[in-house]
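Novice: Supplied in structure tokens, the structure appears directly below.
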Amino acid sequence: MSEQFRVAVDIGGTFTDVVVYEETSGQFRTGKSPTTPDDLVRGVVDAMNAVVGDPDAVRSFVHGTTVGLNALLQRRGERVALLATRGVGDSYFIARGHRLDIFNIHHVRPAPLVAKPDKIEIGGRLDWQGAEVAPLDPADLEYAAAYIRQEGIRSVAIAFLFSYLDGRHEQAAADYLSAALPGVTITMSHEAAREWREYERTSTAVLSAYSGPTVRDYLSRLEKGLADEGISAPVRVMQSNGGIIGIAKARTQPLQTFFSGPVGGAAGGEVLAARTGRDNLICVDMGGTSFDMSLIVGGKPEILPHADMESFPALMSVVDIKTIGAGGGSVAYVEAGGLRVGPESAGAVPGPACYGRGGTQPTVTDANLLLGRIDPGAFLGGKMRLDVDAARSSMTALAGRLGLDPYALAEGIVDVINAKMAQAIRAITVERGIEPRDFSLVAFGGAGALHAAALAEALGIAEVVVPALPGAFSAWGMLQSPLRQDFTRSWFRKLDGLTPADLDEAFAPLEADAREALRTENVEAGAVEFRRQLDTRYAGQEHTITMALGKTDLATDFHEEYRRRYGHASPGAPLEVTTARLTLLADVDFPTVEASEAEEAPQRKLPTQTVIFGRREHETARVDRDELKVGERLTGPLIIDEPTSVTIVPPGWAVAVDGFHALILTKDAAR
Amino acid sequence: MTVSDPITNEIIRNSFLAVAEEMNNGLVRSAFSPVIYESKDSAVAIIDARHRVLGQSSGIPLFLGNLEHCTKVTEEMFGRDAWQDGDIWIMNDSYISGTHPHDVTVYAPLFYQGDLAGFVASRAHWLDIGGKDPGVAMDSTEIQQEGLRIKPMKIVQGGAERTDVIELIVGNTRFPVSCTGDLRAQFVVAELGRRGLVELYDRYGREVVDTAAEVMFAQSEAQNREGIAKIPDGTYTAEGCLDSDGISGVPVRVEVVIEVAGDSMTIDVTGSDDAVRGPMNCGAVQTVSACRLGFKYLVNPDQPVNGGTFAALDVKVRPGSVLGAQEPSPCQFYFTPLGLLVDLIVKALSPVMPELAAAGHYGDGMILQFSGTDPRTGNRFIENEPHVGGWGGAPHNDGADGMIWAMSGAFKDMPIEVFETKFPATINEYAFRPDTGGAGKYRGGCGVVREYTMLLDDCDLSLWLDRSQTPAWGIEGGSAGAAPDLIINPGRDDERRIMKVNRTRLNRGDTVRLMTGGGGGYGDPAERDPDAVARDVAAGYVTPAAARTIYGYEA
């Protein structure tokens with residue numbers, strides 16, 4: 001039988017990563033090619049061709065892209081006209097009157113994605129139960145069509161009050177406009193998000209109308225580019241909700257593509273959890289400027305019902321990823337006589353002092369270099385030589401002002417950034433009533449494995465996992481993610497007295513939508529799951545907890561979950577539900593990957609060098625990762641190099657290579 | 001590890017902030033009252049054994065340094081030995097905490113290895129604390145009418161809840177379920193704070209943590225002294241008037257005299273009017289907080305607050321004045337004079353801090369309160385909302401349009417869909433008010449219109465709107481913003497304009513049209529970029545007529 005490939009390609013800022021799984025041999029392979037911003041599809045095709053020879057051998061193709069997010073970040077989206085309910089259309093611009101920086105009297109809101117003159121108010125009103133109070137005003141629609149035509153606007157968002165209860169006014173307006181304005185894209189808020197809160201729902205529709213054309217255009221070019229290469233396999237796209245979806249559907253929900261890169265990391269965590277039987281993982285991705293964290297709890301990623309997109313809200317499911325400004329480029333400085341590290345980053349230019357691009361402030365990377373933890377000749381697989389002298393002189397200058405020697409400062413910088421990252425992890429776990437000690441830490445990204453053992457130490461975590469291919473972990477995760485689609489409706493009820501029949505009624509329309517979606521996705525044979533959830537709270541509260549409906553009693557589960565998160569509960573207090581959520585999950589039938597058998601490890605005499613740990617010099621061995629054998633076990637201090645990552649095994653730690661080629665770091669019990 | 005290691009100090013400094021942040025998240029997420037979880041009307045702090053703030057977090061900016069005052073006063077009243085491990089205390093006395101009785105402070109001593117090591121505290125605005133009217137009263141004349149008054153007392157003793165005390169408090173609110181929920185959320189916060197601090201002590205040892213705190217205080221103080229030293233020495237003044245206390249109908253004057261000498265600053269508000277009969281007096285402690293907020297706007301606004309932050313700032317308040325309330329002065333709207341006070345501090349210093357200056361903002365919460373029985377459910381309801389308005393222009397930007405006022409921090413307005421679902425009324429209009437932002441090179445932000453129509457009979461409306469006497473002023477040649485206004489039943493025979501009232505009756509079909517004020521303008525309007533004027537006209541923030549007369553703009 002000839003080769004059969006499953007392919008995942010993830011576009012990053014600098015490189016486009018590809019991971020393929022070859023079904024016959026059961027081998028993963030990776031490739032990398034420079035991202036080509038002028039024509040992203042070319043980079044994707046190049047990356048794939050570097051690994052896959054025969055297009056006919058491609059069985060499936062998954063893609064992660066951030067073109068939509070970039071269009072938003074760079075404000076290069078489509079001009080949008082907004083149709084809103086007469087009298088209250090300014091709600092979108094008032095944006096709930098909210099600001100976060102409460103000590104700033106010069107606060108300036110981010111510019112809205114709709115220019116104010118492009119907001120058109122339309123007569124017609126529904127009440128709080130969805131009943132019509134005033135019919136849609138045809139004269140207003142006529143005016144809107146004329147304005148949109150005259151201005152040459154190509155994308156329209158329609159967001160009327162209470163459309164989450166009844167979309168008929170939005171639908172009627174959309175029908176009228178699509179007849180009057182052929183070729184114009186129309187986004188209805190009740191389709192973008194079937195939930196209450198007009199500002200947030202309008203914002204979701206506007207974001208979609210703003211970035212949709214860019215995303216759709218890119219996906220079409222991608223589809224064509226792949227077809228031109230002779231690929232006939234289904235093309236799917238990684239979504240922010242942690243699952244994948246067919247490219248046709250992705251076109252209709254462009255916002256779901258926004259966070260596909262970072263979410264791939266969480267998806268990788270989910271796969272790792274399933275494969276290795278570790279149910280609870282803290283996944284951390286540390287790069288040059290930012291530190292992303294996500295949790296896998298009970299084998300599943302934590303999903304939030306709402307997303308924040310550059311301070312615009314979007315009502316959609318998204319994997320909960322928290323980010324802080326901490327990375328290799330984080331800058332150390334003195335303020336009021338005290339040491340500070342980050343969140344400012346030296347970025348790529350000027351970059352850390354050791355890059356020799358004009359940076360003079362010491363960074364976390366400079367500190368790691370000076371301590372001997374990064375090999376100046378092995379950075380980026382030897383493609384870029386780091387300047388140790390530059391790192392030392394930047395460190396010496398700052399150390400003098402603090403009365404420290406440069407090596408103590410270097411280790412101090414690493415300690416401070418580690419403490420910040422550890423606190424950020426603590427915050428996301430404590431918020432959910434989770435004890436980090438019960439978790440394993442999964443580290444990836446360029447700098448993750450450099451700091452992981454120290455983070456684990458600070459949090460009392462016993463085990464660190466550095467997966468195979470840590471630089472392409474996102475793509476690896478996408479490759480194995482299930483199809484996922486979320487269906488939502490506002491459904492406001494007292495929980496007491498709800499019958500199974502009521503629930504069936506609540507979920508029936510969602511399940512009909514899900515079945516229809518499943519039909520159009522042409523899923524391979526594989527398990528399909530409809531997961532019912534209800535947003536639940538104590539009557540009178542605002543914040544809800546999204547509770548899975550299972551065999552157990554929802555009220556009991558809720559009180560228990562509430563107690564876990566907040567430390568107290570009020571059993572007996574009345575509960576209410578606000579939103580029904582249905583998640584469609586369809587397995588893509590990924591083959592079982594078997595663990596490799598342990599190999600015989602050679603007798604090693606590894607070269608050593610001096611590295612500072614805990615203010616002391618340690619003779620530390622260094623080894624290339626691809627020399628390590630499955631089942632091999634080594635003790636720290638040890639540094640493991642690979643082209644895109646460095647793993648530190650500190651004194652007192654040991655490392656073993658598991659059957660999936662992951663490095664498993666543990667505190668060395670023997671010591 | 002040496003005791004004054006800068007690395008350890010920095011890690012501990014970050015940890016204090018992280019603990020406070022965790023506490024506040026816990027409070028906001030588990031509270032029952034919308035005023036806590038939506039309006040974020042709450043604050044938390046961890047405090048050292050000498051009543052200095054180690055770290056704090058707050059959804060509203062006003063609680064800058066009065067949680068530690070509660071622990072300090074308690075100790076003055078009962079002695080240091082009153083602190084016992086496992087106890088939690090509660091209080092809401094306006095003359096101690098400086099705010100209104102709805103703000104309930106819950107605090108606990110923290111013991112480490114048998115010694116008093118510090119305190120954890122939280123404050124949250126409860127939905128109802130008794131008093132003569134549901135929610136809040138706009139016409140109280142003595143503190144007892146505003147709610148149950150709780151002086152410092154133990155609510156948990158030796159780890160056991162005092163059910164008698166809880167019953168007493170809960171029995172005095174009209175919403176026992178929500179208030180009990182909020183109280184328990186505050187207990188949780190105390191535990192979160194305690195756990196966080198104990199972990200720090202375990203990790204580094206008490207001595208190292210305490211030393212890090214001293215270093216942190218010294219750094220903050222030095223940094224703020226540096227900031228003050230940059231302001232030229234001198235005396236700077238500003239004054240303005242509040243409309244009325246709601247009872248006597250007479251304007252109330254607030255006066256600020258700021259003295260900068262070297263690296264110290266004194267803010268003297270003793271020249272402000274005497275306490276008033278209506279519920280607009282503020283306790284001295286909260287006046288100090290407001291002065292600290294004004295200071296913070298101008299000096300190191302990005303830095304976290306701790307026990308060293310305000311060491312170089314002295315505040316002078318006159319007991320018996322509107323800003324130094326004494327028993328039995330009512331304090332329900334203590335924040336109204338503070339909105340003006342904070343604006344006046346910025347105004348006084350604007351000439352010598354040109355980069356940080358800003359024109360006045362609309363400056364009041366513009367509070368509407370509806371109460372009655374919902375005919376759809378037969379349930380009693382209270383709806384109490386502040387409203388957004390315009391902010392002042394600044395050296396490099398226009399003032400924000402329709403944003404919540406300074407005292408309400410990170411508040412969000414109530415969505416119309418949520419409002420109409422929960423309450424028997426509709427919102428017909430929610431829109432910017434054109435031409436309400438003061439003209440200037442950078443114009444003031446626009447106020448908004450929010451119009452309600454009642455869908456029930458026998459609805460009580462209470463109003464508390466201020467700043468029509470001293471609307472948001474312009475600076476550097478900019479004009480003042482428009483004053484607020486409110487009309488009941490506009491265009492009908494029974495139309496009336498009214499700014500403050502307690503429980504006026506509305507019936508089905510009655511309409512309340514609120515118009516909030518705009519912000520002041522910055523700089524000469526003649527210098528405004530013509531493109532900006534054109535954009536404002538197209539957007540409807542400025543009418544063509546105003547653009548022509550003020551900016552000489554022809555479309």
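In the structure tokens, chains take letters A, B, ... by order of appearance, with residues numbered from 1 within each chain and ligands from 1 in the order shown.
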Please report, as a ChimeraX atom specification, each residue of region 395-498 of chain B to which DSSP assigns strand (DSSP E or B) when run on this structure's backbone.

Specialist: /B:403,425-432,442,448-454,459-464,475,485-488,496-497

Novice: Restricted to N, CA and C atoms, what would the selected residues look like written as a PDB file, in the first residue's frame?

Specialist:
```pdb
ATOM      1  N   MET B 403     -19.112  57.692  28.652  1.00  0.00           N
ATOM      2  CA  MET B 403     -18.377  56.715  29.457  1.00  0.00           C
ATOM      3  C   MET B 403     -18.735  56.948  30.930  1.00  0.00           C
ATOM      4  N   ALA B 425     -40.454  47.922  32.101  1.00  0.00           N
ATOM      5  CA  ALA B 425     -40.331  49.216  31.436  1.00  0.00           C
ATOM      6  C   ALA B 425     -39.565  48.993  30.144  1.00  0.00           C
ATOM      7  N   THR B 426     -39.694  49.949  29.218  1.00  0.00           N
ATOM      8  CA  THR B 426     -38.910  49.841  27.983  1.00  0.00           C
ATOM      9  C   THR B 426     -37.943  51.010  27.901  1.00  0.00           C
ATOM     10  N   ILE B 427     -36.888  50.820  27.142  1.00  0.00           N
ATOM     11  CA  ILE B 427     -35.953  51.907  26.855  1.00  0.00           C
ATOM     12  C   ILE B 427     -36.135  52.245  25.385  1.00  0.00           C
ATOM     13  N   ASN B 428     -36.662  53.452  25.126  1.00  0.00           N
ATOM     14  CA  ASN B 428     -36.984  53.836  23.747  1.00  0.00           C
ATOM     15  C   ASN B 428     -35.782  54.420  23.036  1.00  0.00           C
ATOM     16  N   GLU B 429     -34.922  55.036  23.821  1.00  0.00           N
ATOM     17  CA  GLU B 429     -33.825  55.742  23.192  1.00  0.00           C
ATOM     18  C   GLU B 429     -32.582  55.629  24.055  1.00  0.00           C
ATOM     19  N   TYR B 430     -31.465  55.380  23.417  1.00  0.00           N
ATOM     20  CA  TYR B 430     -30.159  55.396  24.085  1.00  0.00           C
ATOM     21  C   TYR B 430     -29.206  55.919  23.034  1.00  0.00           C
ATOM     22  N   ALA B 431     -28.845  57.191  23.142  1.00  0.00           N
ATOM     23  CA  ALA B 431     -28.133  57.827  22.039  1.00  0.00           C
ATOM     24  C   ALA B 431     -27.281  58.979  22.561  1.00  0.00           C
ATOM     25  N   PHE B 432     -26.253  59.315  21.801  1.00  0.00           N
ATOM     26  CA  PHE B 432     -25.439  60.472  22.163  1.00  0.00           C
ATOM     27  C   PHE B 432     -26.258  61.752  22.038  1.00  0.00           C
ATOM     28  N   TYR B 442      -9.349  70.116  21.486  1.00  0.00           N
ATOM     29  CA  TYR B 442      -9.839  68.753  21.710  1.00  0.00           C
ATOM     30  C   TYR B 442     -11.144  68.880  22.468  1.00  0.00           C
ATOM     31  N   VAL B 448     -25.300  61.497  27.024  1.00  0.00           N
ATOM     32  CA  VAL B 448     -26.250  60.636  26.324  1.00  0.00           C
ATOM     33  C   VAL B 448     -27.676  60.948  26.756  1.00  0.00           C
ATOM     34  N   VAL B 449     -28.617  60.483  25.916  1.00  0.00           N
ATOM     35  CA  VAL B 449     -30.036  60.476  26.261  1.00  0.00           C
ATOM     36  C   VAL B 449     -30.410  59.029  26.543  1.00  0.00           C
ATOM     37  N   ARG B 450     -31.135  58.815  27.621  1.00  0.00           N
ATOM     38  CA  ARG B 450     -31.681  57.471  27.849  1.00  0.00           C
ATOM     39  C   ARG B 450     -33.121  57.701  28.288  1.00  0.00           C
ATOM     40  N   GLU B 451     -34.060  57.173  27.490  1.00  0.00           N
ATOM     41  CA  GLU B 451     -35.465  57.436  27.775  1.00  0.00           C
ATOM     42  C   GLU B 451     -36.204  56.143  28.093  1.00  0.00           C
ATOM     43  N   TYR B 452     -36.924  56.172  29.221  1.00  0.00           N
ATOM     44  CA  TYR B 452     -37.643  55.002  29.727  1.00  0.00           C
ATOM     45  C   TYR B 452     -39.145  55.233  29.651  1.00  0.00           C
ATOM     46  N   THR B 453     -39.918  54.211  29.321  1.00  0.00           N
ATOM     47  CA  THR B 453     -41.381  54.285  29.433  1.00  0.00           C
ATOM     48  C   THR B 453     -41.863  53.149  30.344  1.00  0.00           C
ATOM     49  N   MET B 454     -42.716  53.522  31.289  1.00  0.00           N
ATOM     50  CA  MET B 454     -43.168  52.571  32.297  1.00  0.00           C
ATOM     51  C   MET B 454     -44.242  51.630  31.743  1.00  0.00           C
ATOM     52  N   CYS B 459     -45.298  52.906  40.203  1.00  0.00           N
ATOM     53  CA  CYS B 459     -43.848  52.717  40.239  1.00  0.00           C
ATOM     54  C   CYS B 459     -43.229  53.939  40.923  1.00  0.00           C
ATOM     55  N   ASP B 460     -42.322  53.689  41.847  1.00  0.00           N
ATOM     56  CA  ASP B 460     -41.622  54.799  42.499  1.00  0.00           C
ATOM     57  C   ASP B 460     -40.357  55.131  41.735  1.00  0.00           C
ATOM     58  N   LEU B 461     -40.185  56.404  41.451  1.00  0.00           N
ATOM     59  CA  LEU B 461     -38.949  56.863  40.808  1.00  0.00           C
ATOM     60  C   LEU B 461     -38.212  57.759  41.796  1.00  0.00           C
ATOM     61  N   SER B 462     -36.937  57.443  42.029  1.00  0.00           N
ATOM     62  CA  SER B 462     -36.094  58.328  42.821  1.00  0.00           C
ATOM     63  C   SER B 462     -34.941  58.785  41.940  1.00  0.00           C
ATOM     64  N   LEU B 463     -34.557  60.040  42.105  1.00  0.00           N
ATOM     65  CA  LEU B 463     -33.528  60.608  41.234  1.00  0.00           C
ATOM     66  C   LEU B 463     -32.446  61.278  42.053  1.00  0.00           C
ATOM     67  N   TRP B 464     -31.215  61.143  41.576  1.00  0.00           N
ATOM     68  CA  TRP B 464     -30.104  61.875  42.183  1.00  0.00           C
ATOM     69  C   TRP B 464     -29.149  62.293  41.057  1.00  0.00           C
ATOM     70  N   ILE B 475     -10.701  73.921  29.803  1.00  0.00           N
ATOM     71  CA  ILE B 475      -9.429  74.520  30.221  1.00  0.00           C
ATOM     72  C   ILE B 475      -8.639  74.946  28.999  1.00  0.00           C
ATOM     73  N   ASP B 485     -29.850  67.093  32.424  1.00  0.00           N
ATOM     74  CA  ASP B 485     -31.243  67.506  32.506  1.00  0.00           C
ATOM     75  C   ASP B 485     -32.097  66.244  32.608  1.00  0.00           C
ATOM     76  N   LEU B 486     -33.289  66.391  33.159  1.00  0.00           N
ATOM     77  CA  LEU B 486     -34.202  65.250  33.200  1.00  0.00           C
ATOM     78  C   LEU B 486     -35.623  65.748  33.093  1.00  0.00           C
ATOM     79  N   ILE B 487     -36.373  65.160  32.185  1.00  0.00           N
ATOM     80  CA  ILE B 487     -37.765  65.563  31.983  1.00  0.00           C
ATOM     81  C   ILE B 487     -38.666  64.342  32.139  1.00  0.00           C
ATOM     82  N   ILE B 488     -39.709  64.505  32.960  1.00  0.00           N
ATOM     83  CA  ILE B 488     -40.731  63.457  33.048  1.00  0.00           C
ATOM     84  C   ILE B 488     -41.867  63.856  32.119  1.00  0.00           C
ATOM     85  N   ARG B 496     -42.574  67.683  33.613  1.00  0.00           N
ATOM     86  CA  ARG B 496     -41.824  68.385  34.660  1.00  0.00           C
ATOM     87  C   ARG B 496     -40.347  68.049  34.577  1.00  0.00           C
ATOM     88  N   ARG B 497     -39.538  69.034  34.987  1.00  0.00           N
ATOM     89  CA  ARG B 497     -38.078  68.854  35.026  1.00  0.00           C
ATOM     90  C   ARG B 497     -37.680  68.709  36.474  1.00  0.00           C
TER      91      ARG B 497
END
```

Novice: I'd like the contact shell of region 537-549 of chain B - 10 Å cut-off, only C-alpha atoms, skipping same-chain residues fewer than 5 positions apart - returned as a CSV table (one decimal) with N, CA and C atoms, in the first residue's frame.

Specialist:
```csv
chain,number,residue,atom,x,y,z
A,115,ALA,N,-17.7,53.0,11.1
A,115,ALA,CA,-17.6,54.4,11.2
A,115,ALA,C,-19.0,54.9,11.6
A,116,LYS,N,-19.2,55.9,12.5
A,116,LYS,CA,-20.5,56.2,13.0
A,116,LYS,C,-21.5,56.6,11.9
A,117,PRO,N,-21.1,57.3,10.8
A,117,PRO,CA,-22.1,57.6,9.8
A,117,PRO,C,-22.6,56.4,9.0
A,118,ASP,N,-21.9,55.3,9.2
A,118,ASP,CA,-22.3,54.0,8.5
A,118,ASP,C,-23.3,53.2,9.4
A,119,LYS,N,-23.7,53.8,10.5
A,119,LYS,CA,-24.7,53.2,11.3
A,119,LYS,C,-26.1,53.7,10.8
B,401,ASP,N,-16.7,59.9,24.8
B,401,ASP,CA,-18.2,60.1,24.7
B,401,ASP,C,-18.8,59.0,25.5
B,432,PHE,N,-26.3,59.3,21.8
B,432,PHE,CA,-25.4,60.5,22.2
B,432,PHE,C,-26.3,61.8,22.0
B,433,ARG,N,-25.9,62.7,22.9
B,433,ARG,CA,-26.6,64.1,22.8
B,433,ARG,C,-25.6,65.0,22.1
B,434,PRO,N,-26.0,65.4,20.9
B,434,PRO,CA,-25.0,66.2,20.1
B,434,PRO,C,-24.8,67.5,20.8
B,435,ASP,N,-23.6,68.1,20.5
B,435,ASP,CA,-23.3,69.4,21.0
B,435,ASP,C,-23.2,69.6,22.5
B,436,THR,N,-23.1,68.4,23.2
B,436,THR,CA,-23.0,68.5,24.7
B,436,THR,C,-21.6,68.5,25.1
B,437,GLY,N,-20.6,68.1,24.3
B,437,GLY,CA,-19.2,68.2,24.7
B,437,GLY,C,-18.8,69.6,24.5
B,439,ALA,N,-16.7,72.8,23.5
B,439,ALA,CA,-15.8,73.0,22.3
B,439,ALA,C,-14.4,73.2,22.7
B,445,GLY,N,-16.3,65.1,25.6
B,445,GLY,CA,-17.1,64.0,25.2
B,445,GLY,C,-18.6,64.3,25.3
B,446,CYS,N,-19.4,63.7,24.5
B,446,CYS,CA,-20.9,63.9,24.5
B,446,CYS,C,-21.5,63.1,25.7
B,447,GLY,N,-22.5,63.8,26.3
B,447,GLY,CA,-23.4,63.0,27.2
B,447,GLY,C,-24.4,62.2,26.3
B,530,PRO,N,-9.8,70.9,11.2
B,530,PRO,CA,-11.0,70.9,10.5
B,530,PRO,C,-11.5,69.5,10.1
B,531,ASP,N,-10.6,68.6,9.9
B,531,ASP,CA,-11.1,67.2,9.5
B,531,ASP,C,-11.8,66.6,10.7
B,532,ALA,N,-11.3,66.9,11.9
B,532,ALA,CA,-12.0,66.4,13.1
B,532,ALA,C,-13.4,66.9,13.2
B,554,GLU,N,-17.9,75.0,7.3
B,554,GLU,CA,-19.0,74.9,6.3
B,554,GLU,C,-18.9,73.6,5.6
B,555,ALA,N,-20.0,72.9,5.6
B,555,ALA,CA,-20.0,71.5,5.0
B,555,ALA,C,-19.8,71.7,3.4
```

Novice: Kindly give the distance, in Å, that separates CA of Asp273 (chain B) and CA of Pro251 (chain B), rounded to a single decimal.

Specialist: 9.7 Å

Novice: Give me, as a list in words, the residues of chain A touching chain B, with the criterion being at most 6 Å (counting only C-alpha atoms).

Specialist: Gly87, Val88, Asp90, Ile94, Arg96, Gly97, His98, Arg99, Leu100, Ile102, Phe103, Lys116, Pro117, Trp128, Arg197, Ala336, Gly412, Val416 and Gln541 of chain A

Novice: Which parts of region 41-115 of chain B does DSSP call helix (DSSP H, G or I) when run on the backbone here, written out as a list in words?

Specialist: Leu67, Glu68, His69, Cys70, Thr71, Lys72, Val73, Thr74, Glu75, Glu76, Met77, Phe78, Arg80, Asp81, Ala82, Ser94, Tyr95, Ile96 and Ser97 of chain B
